[in-house]
Each structure stands twice: as structure tokens, then as C-alpha cells.
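*Asks:* Input: one structure, supplied below.
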Amino acid sequence: MSRPPQASAKRRAAATTPREGATRLCYTFARGQKLKGRSTIDAVYKTGRRRQHHPLSVHILRRPDNGPSRLGISIGRRCGNAVERNRIKRLLREAYRLMQHDLPPGCDYLLIVRPHPCLKLGAYQDRLRHLLGS
């Protein structure tokens, strides 16, 4: 079996660049948007503002730069086996990815997940909107 031909670099670039006058939002969850590093996570946990909406708790810390907002997710073993925990994390990342342009730049968010049965994507979006919205 042969693979389909790949689009040339010129066509790919033309397809991804916005037309004149149109603004195009990028809905990816890039590597730079992940909250990483023990010292960074500890700083957000200890000095960040805390808000709760069951089963989620979020610590929010404003950074001095206006870089992209970063998200970290902490979920313990009490939330289920690895399959369930990973599904919850995927759904939370997806909910964040879809609403990232509504959030102010330069914030670090650390989500702490409490034990609960897995919810639908819409329910996680509502909870994140409630937690991160104001």
C-alpha cells in the first residue's frame, strides 16, 4: 500500500496563514502552555489564589510577563485507575484548550482534581469557566 502524497510546504503554509483582515485563533495546547517544574508548581500552590468548584480546585498565580497562560493538572490515585485518571486529564486539557483565548495572558493555573466519577466534556467546561472566568 502506498501513502498519500504529502502537501507541499508552500500549500501547507498558505492553508495556515490567515487572509487579510481576518484574525485566526490557534486552538492548540502547546508545550509552552504546560506548567512544569517542581519549583514553579510549588510557587503556584503556595502563593496562588485558590478557588473551588467540586470536584476541582484551582490555584491561580499571575506572572509579571504577558506570555501564554500555563496549566498544570494534579490528580491522585484515589480518583481511579490509570485509565480513568488519564481520561479525566484529557477532558480537562480539552476544556482548557477550547477556552484558552477567553483567559487573561500571563497566568499560571494548577488544577487539583478530587475523587469523582468521570464527567462529560461540557460539565468540565462549565466548571472551568466558573473557576477561571473571573
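Here's how to read the names in the C-alpha cells: chain A, B, ... by the order shown, residue numbers from 1 in each chain, ligand numbers from 1 in the order shown.
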Can you list, as a ChimeraX atom specification, every protein, DNA or RNA residue that comes within 12 Å of A:Asn86 when you count only C-alpha atoms, leaving out same-chain residues fewer than 6 positions away?

*Replies:* /A:73-77,79-80,92-93,113,118

*Asks:* Can I get the selection written as a PDB file, in the first residue's frame, with C-alpha atoms?

*Replies:*
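Ended up saving to out_36.pdb:
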```
ATOM      1  CA  ILE A  73      -3.120  19.180  36.479  1.00  0.00           C
ATOM      2  CA  SER A  74      -2.689  17.242  39.718  1.00  0.00           C
ATOM      3  CA  ILE A  75      -4.797  14.113  40.134  1.00  0.00           C
ATOM      4  CA  GLY A  76      -4.275  11.456  42.803  1.00  0.00           C
ATOM      5  CA  ARG A  77      -4.696   7.704  42.752  1.00  0.00           C
ATOM      6  CA  CYS A  79      -9.581   9.248  41.529  1.00  0.00           C
ATOM      7  CA  GLY A  80      -9.473   5.807  39.942  1.00  0.00           C
ATOM      8  CA  LEU A  92      -9.695  18.839  31.398  1.00  0.00           C
ATOM      9  CA  ARG A  93      -6.945  19.723  28.906  1.00  0.00           C
ATOM     10  CA  VAL A 113      -8.803  17.070  40.974  1.00  0.00           C
ATOM     11  CA  CYS A 118     -15.769  10.939  35.264  1.00  0.00           C
TER      12      CYS A 118
END
```

*Asks:* Could you give me the residues within stretch 15-127 of chain A that DSSP places in strand (DSSP E), as JSON, numbers by chain?

*Replies:* {"A": [49, 50, 51, 52, 53, 56, 57, 58, 59, 60, 61, 62, 70, 71, 72, 73, 74, 75, 107, 108, 109, 110, 111, 112, 113]}

*Asks:* Choose the residue, out of A:Gly133, A:Ile41, A:Leu110, A:Phe29, that has the smallest atom-to-atom separation from A:Glu94; count only C-alpha atoms.

*Replies:*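 Among the listed residues, the smallest separation from A:Glu94 belongs to A:Phe29.
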
*Asks:* Once DSSP has gone over the backbone, tell me which residues of chain A are in alpha helix (DSSP H), as a PyMOL selection string.

*Replies:* chain A and resi 9-16+38-47+82-99+121-132

*Asks:* For A:His59, list every protein, DNA or RNA residue within 9 Å, evaluated using only C-alpha atoms, and leave out those in the same chain fewer than 5 positions away; present the list as a CSV table (one decimal) with N, CA and C atoms, in the first residue's frame.

*Replies:*
```csv
chain,number,residue,atom,x,y,z
A,44,VAL,N,3.1,28.2,42.6
A,44,VAL,CA,1.7,28.4,42.3
A,44,VAL,C,0.9,27.9,43.5
A,45,TYR,N,1.2,26.7,44.0
A,45,TYR,CA,0.4,26.1,45.0
A,45,TYR,C,0.5,26.9,46.3
A,46,LYS,N,1.6,27.4,46.7
A,46,LYS,CA,1.8,28.1,48.0
A,46,LYS,C,1.3,29.6,47.9
A,47,THR,N,1.5,30.3,46.8
A,47,THR,CA,1.2,31.7,46.8
A,47,THR,C,0.1,32.1,45.9
A,48,GLY,N,-0.5,31.1,45.2
A,48,GLY,CA,-1.6,31.4,44.3
A,48,GLY,C,-2.9,31.5,45.0
A,49,ARG,N,-3.8,32.2,44.3
A,49,ARG,CA,-5.2,32.4,44.8
A,49,ARG,C,-5.9,31.1,44.6
A,50,ARG,N,-6.7,30.7,45.6
A,50,ARG,CA,-7.4,29.4,45.5
A,50,ARG,C,-8.9,29.5,45.3
A,51,ARG,N,-9.4,28.8,44.4
A,51,ARG,CA,-10.9,28.7,44.2
A,51,ARG,C,-11.3,27.3,44.0
A,52,GLN,N,-12.6,27.0,44.4
A,52,GLN,CA,-13.1,25.6,44.4
A,52,GLN,C,-14.4,25.6,43.7
A,108,ASP,N,-0.7,31.4,35.7
A,108,ASP,CA,-0.4,30.0,35.8
A,108,ASP,C,-1.6,29.4,36.6
A,109,TYR,N,-2.1,28.3,36.1
A,109,TYR,CA,-3.2,27.6,36.7
A,109,TYR,C,-2.8,26.2,37.1
A,110,LEU,N,-3.0,25.8,38.4
A,110,LEU,CA,-2.8,24.5,38.9
A,110,LEU,C,-4.1,23.9,39.3
A,111,LEU,N,-4.6,22.9,38.5
A,111,LEU,CA,-5.9,22.3,38.8
A,111,LEU,C,-5.6,21.1,39.7
A,112,ILE,N,-6.4,21.0,40.8
A,112,ILE,CA,-6.3,19.8,41.6
A,112,ILE,C,-7.6,19.1,41.6
```

*Asks:* Find, counting only C-alpha atoms, the residue in A:Ile88, A:Cys107, A:Leu131, A:Leu121 that gets nearest to A:Leu35.

*Replies:*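 So, comparing all the options, the nearest one is A:Cys107.
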
*Asks:* Would you kindly return, as an MDAnalysis selection string, each protein, DNA or RNA residue with an atom no farther than 9 Å from any atom of stretch 99-102 of chain A, considering only C-alpha atoms and excluding same-chain residues fewer than 6 positions away?

*Replies:* chainID A and resid 25:27 29 69 125 128:129 133
